[in-house]
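**Student:** One structure follows; several queries about it will come next.
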Amino acid sequence: MTDMMDTSANAPRRTSLKGNSALVARRKRRERLLMGVGLGAILIAFTVLFILVASLVSTGYTAFVQTQVTLDVHVDPAEISEEQLPRGGFQNVLTRSVLDLLPDADPETDLRAVRGILSNGAQFALRDQVAADPSLIGQTITLTVPLSDPYDQLNKGNINRDTPESERRLNDQAVVWFDQLDQAGRISTPFNWALFTNADSRFPELAGLKGALVGSFWVLFICFAVSFPVGIGAAIYLEEFAPKNRVSDFIEVNINNLAAVPSVVFGLLALAVFLNWFGLPRSAPFVGGLTLALMTMPTIIIATRAALKAVPPSIREAALGLGASKQQVVFGHVLPLAMPGILTGTIIGLAQALGETAPLLLIGMNAFITSAPTSPFDASTALPTQIFIWADSPERGFVSRTSAAILVLLGFLVIMNALAIYLRNRFERRW
Amino acid sequence: MSHLKLSTAAIAVLAASATAVFAQGREEIRVVGSSTVFPYSQAVSEQFANNTGVPSPIVESTGTGGGMQIFCGGIGEQHPDMTGASRAMKASEFELCQENGVTDITEVYFGSDGLSLAISRESDFDWDLSLSEIYLALAAQVPVDGEWADNPYTTWNEINPDLPEVEILAYGPPPTSGTRDAFVELALWAGCEGLDFVQEGDYDEDWIEENCSRMRTDGPFVEAGENDNLIVQRLQADANAMGIFGYSFLFENQDTLKAVTIEGVAPNEDTIASGDYPVSRPLFFYVKNAHRGVIPNLEEFVAEFVSEEAMGPGGYLSERGLVPLQEARRAETREAAMEGTTFEGPAE
């Protein structure tokens with residue numbers, strides 16, 4: 001720049017760049033550099049994203065299938081009687097049907113080991129089926145049940161057959177049994193629907209995300225129901241009605257600050273106010289939703305104000321000129337025109353809330369619950385806290401399930417953000 | 001104005017229904033407490049719900065200390081019914097309970113858990129350490145040339161020439177963890193007591209408690225957070241790093257990790273139950289007797305927890321790494337749990 005300054009002010013400015021090729025070359029070089037840096041930044045971002053997703057997919061994809069075994073179960077009336085239902089020797093019946101498939105297993109000494117092949121949930125699957133239809137007692141039914149976690153891991157190759165027996169989670173005998181079942185065509189690995197239809201369990205092969213999904217739904221529902229009207233109300237007041245003075249400046253600064261407050265602070269606030277003072281129940285999605293609403297509100301206020309600002313004043317003036325009241329102007333004209341922008345901001349705010357963990361940990365939404373909540377007042381987990389719980393479990397099967405749960409969460413985030421982009425592109429008007 | 005009326009009415013209805021829901025009372029049992037006891041409470045909770053069909057008890061992992069805070073918060077539906085602990089209740093916690101009216105509680109000692117010191121299988125040395133060697137490697141202050149000074153050791157062979165020349169590096173739990181408390185008490189205090197310096201100096205237990213409780217903070221000991229799986233992953237990445245965590249994590253990861261034997265004893269069910277393995281700790285849960293008969297099924301849940309199928313040898317808790325008590329002790333525990341013997345506070 002300095003050499004341009006050198007040209008005296010009186011001399012006519014050269015408009016042609018001809019003959020000043022050094023300057024041109026430098027300008028072009030700088031342009032290329034800027035482009036290169038920008039491209040590099042995008043490449044770095046994409047590489048990191050790719051590594052993240054690749055590592056999640058490579059550990060998580062196995063959780064989307066589940067090893068199962070198909071058994072011919074003779075529902076023995078000696079073990080299971082109609083009067084005793086739902087209690088009965090379901091486990092014994094199942095173990096016997098596995099023993100029938102393993103010629104070299106001893107029904108006495110290997111009983112415990114053979115029982116361990118099946119998931120603990122198998123007996124309850126049989127129980128529910130028989131309880132629903134007691135006429136099955138005495139018949140032989142074909143039942144497909146999940147295998148327990150170590151066998152599932154063996155089938156998925158996470159337990160290496162080449163490691164010495166003493167260092168392996170399953171001994172040689174167990175591997176032989178598994179191979180016998182496999183050769184008999186009993187083993188199948190279908191899509192793991194249980195990942196979405198089961199609630200949490202301490203057994204990885206039974207654990208699913210239903211409780212977390214329902215919990216997250218309630219949390220977001222409450223969060224939306226509270227933060228959306230309040231956020232829009234605050235934004236309308238600040239943008240359309242509030243006088244411009246120190247008080248409204250002070251409020252504005254505070255709203256911007258609030259948007260930057262770490263989420264754990266909202267969790268502590270919720271613990272003190274909602275739980276200890278109001279006496280609301282711990283672990284409830286209702287409280288989680290209220291807490292996240294506090295967090296989402298500033299985002300919605302800021303987005304709404306920006307959207308309201310973008311509506312041209314000519315529309316307001318025209319409406320006012322025709323005799324509309326301020327309320328009619330806002331609800332009849334400005335708000336509908338600003339709605340796409342507001343919704344985009346709201347969805348992005350809710351997507352943030354969906355992935356928020358820290359405040360939910362503080363209000364106890366990281367509990368172990370084996371049933372899905374039926375109302376926002378039932379104790380429940382949410383997707384991110386479920387990931388937190390699974391990441392901390394010792395069983396091998398939870399490693400892949402953690403990654404799978406993260407993928408599900410990422411899937412929802414992508415859907416929500418895509419919806420926000422769609423709404424913006426489809427409905428936003430440019431003036 | 002009809003909008004305003006409508007929204008006021010809507011808020012009123014919401015508030016009323018919310019209050020109605022709380023007023024109904026709590027259907028399910030609530031358990032908080034130690035992350036070490038968490039897997040066992042989980043197992044009992046799931047088994048209990050499956051067997052009886054009642055709403056499944058809600059189990060939260062808050063850490064031993066955090067659990068005590070919530071548990072001792074008071075009597076009533078908004079407070080949990082049970083807390084798990086990987087150490088006995090402290091005097092300060094007992095006082096907190098008393099202050100808040102939680103006077104009638106029962107302490108149930110239901111089993112023990114080994115703390116393992118583990119290393120990657122990639123490490124080709126057969127590690128065997130004495131408690132004193134562990135102390136010298138990981139404590140903040142050790143005797144150096146007859147003086148009590150900051151820990152100077154950086155490699156294992158400086159402590160014992162028979163050990164390899166490998167940098168000391170151990171990942172372990174933070175001070176908020178019950179696992180850390182147990183490690184300090186079982187490994188550090190015992191190791192400190194065994195040092196020649198302490199033996200000859202004729203120091204008493206108070207001195208040991210005051211001087212031998214701190215882990216070093218100059219690098220070789222790394223606080224790795226409450227997540228034991230993270231420690232396991234780091235050990236798999238670094239063949240020379242050791243990790244301190246519950247025995248169940250070693251048990252689940254036997255293919256990549258091996259135990260460092262302590263005083264020549266490897267951790268397994270037998271050595272932990274018999275007490276031969278020196279670093280094992282008792283596990284407890286505490287029940288509010290005032291909640292029995294008020295919170296539905298609490299009595300039955302406690303019975304399930306102390307049943308032979310759960311905490312006995314080969315029971316489903318032992319599958320998760322619990323080391324069962326001796327038979328006579330189990331009977332005592334069961335009796336105390338079911339009769340609701342009032343806990344008189346920690347022994348001084």
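FYI, nothing fancy with the structure tokens labels: chains A, B, ... in order, residues from 1 per chain, ligands from 1 as they appear.
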Counting only C-alpha atoms, a student should be able to say which residues of chain B come within 6 Å of chain A; what is the right answer, written as a PyMOL selection string?

**Tutor:** chain B and resi 58-60+227+249+254-255

**Student:** Take the residues from that selection and put them in a file with N, CA, C and O atoms, as an mmCIF file, in the first residue's frame.

**Tutor:**
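Contents of result19.cif, as written:
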```cif
data_model
loop_
_atom_site.group_PDB
_atom_site.id
_atom_site.type_symbol
_atom_site.label_atom_id
_atom_site.label_comp_id
_atom_site.auth_asym_id
_atom_site.auth_seq_id
_atom_site.Cartn_x
_atom_site.Cartn_y
_atom_site.Cartn_z
ATOM 1 N N ILE B 58 -35.281 -46.247 40.169
ATOM 2 C CA ILE B 58 -34.448 -45.330 39.407
ATOM 3 C C ILE B 58 -33.112 -45.177 40.106
ATOM 4 O O ILE B 58 -33.051 -44.802 41.273
ATOM 5 N N VAL B 59 -32.056 -45.519 39.405
ATOM 6 C CA VAL B 59 -30.736 -45.545 40.015
ATOM 7 C C VAL B 59 -29.885 -44.453 39.381
ATOM 8 O O VAL B 59 -29.793 -44.362 38.170
ATOM 9 N N GLU B 60 -29.282 -43.642 40.226
ATOM 10 C CA GLU B 60 -28.459 -42.553 39.729
ATOM 11 C C GLU B 60 -27.038 -42.702 40.265
ATOM 12 O O GLU B 60 -26.861 -43.010 41.437
ATOM 13 N N ASN B 227 -14.496 -41.475 34.573
ATOM 14 C CA ASN B 227 -14.822 -42.463 33.551
ATOM 15 C C ASN B 227 -13.714 -43.505 33.413
ATOM 16 O O ASN B 227 -12.663 -43.252 32.830
ATOM 17 N N PHE B 249 -13.701 -53.585 35.726
ATOM 18 C CA PHE B 249 -13.195 -53.068 34.458
ATOM 19 C C PHE B 249 -12.030 -53.911 33.960
ATOM 20 O O PHE B 249 -11.867 -54.124 32.763
ATOM 21 N N GLN B 254 -9.901 -58.188 30.002
ATOM 22 C CA GLN B 254 -8.769 -59.083 30.192
ATOM 23 C C GLN B 254 -7.944 -59.317 28.940
ATOM 24 O O GLN B 254 -6.772 -59.648 29.012
ATOM 25 N N ASP B 255 -8.567 -59.171 27.758
ATOM 26 C CA ASP B 255 -7.810 -59.462 26.542
ATOM 27 C C ASP B 255 -6.766 -58.395 26.248
ATOM 28 O O ASP B 255 -5.778 -58.674 25.595
#
```

**Student:** Please provide the set of residues having any atom within 8 Å of region 208-210 of chain B, restricted to only C-alpha atoms, with same-chain residues fewer than 5 positions apart removed, written as a PyMOL selection string.

**Tutor:** chain B and resi 189+192-193+203

**Student:** Got time to write the residues from that selection, N, CA, C and O atoms, as a PDB file, in the first residue's frame?

**Tutor:**
```pdb
ATOM      1  N   TRP B 189      -1.893 -45.789  52.628  1.00  0.00           N
ATOM      2  CA  TRP B 189      -1.651 -45.858  54.066  1.00  0.00           C
ATOM      3  C   TRP B 189      -0.895 -47.131  54.430  1.00  0.00           C
ATOM      4  O   TRP B 189       0.065 -47.096  55.189  1.00  0.00           O
ATOM      5  N   CYS B 192       2.642 -46.891  53.200  1.00  0.00           N
ATOM      6  CA  CYS B 192       3.387 -45.929  54.011  1.00  0.00           C
ATOM      7  C   CYS B 192       3.799 -46.578  55.331  1.00  0.00           C
ATOM      8  O   CYS B 192       4.944 -46.438  55.781  1.00  0.00           O
ATOM      9  N   GLU B 193       2.867 -47.311  55.892  1.00  0.00           N
ATOM     10  CA  GLU B 193       3.120 -47.958  57.170  1.00  0.00           C
ATOM     11  C   GLU B 193       4.274 -48.947  57.057  1.00  0.00           C
ATOM     12  O   GLU B 193       5.030 -49.152  57.998  1.00  0.00           O
ATOM     13  N   TYR B 203       6.028 -43.730  64.006  1.00  0.00           N
ATOM     14  CA  TYR B 203       4.928 -42.786  63.850  1.00  0.00           C
ATOM     15  C   TYR B 203       3.598 -43.499  64.048  1.00  0.00           C
ATOM     16  O   TYR B 203       3.474 -44.683  63.767  1.00  0.00           O
TER      17      TYR B 203
END
```

**Student:** Per DSSP on the backbone, filter region 109-145 of chain B down to the residues in strand (DSSP E or B) and report them as a PyMOL selection string.

**Tutor:** chain B and resi 109-120+128-129+139+141-144

**Student:** Taking the backbone alone, and naming residues the way the document does, which bits of region 47-118 of chain A are alpha helix (DSSP H) by DSSP, as a VMD selection string?

**Tutor:** chain A and resid 47 to 60 90 to 101 111 to 115

**Student:** Do you know which residues are at most 10 Å from Pro143 (chain B) counting only C-alpha atoms, after dropping those on the same chain fewer than 5 positions away, and could you put them as a PyMOL selection string?

**Tutor:** chain B and resi 136+148-152+192+195-198
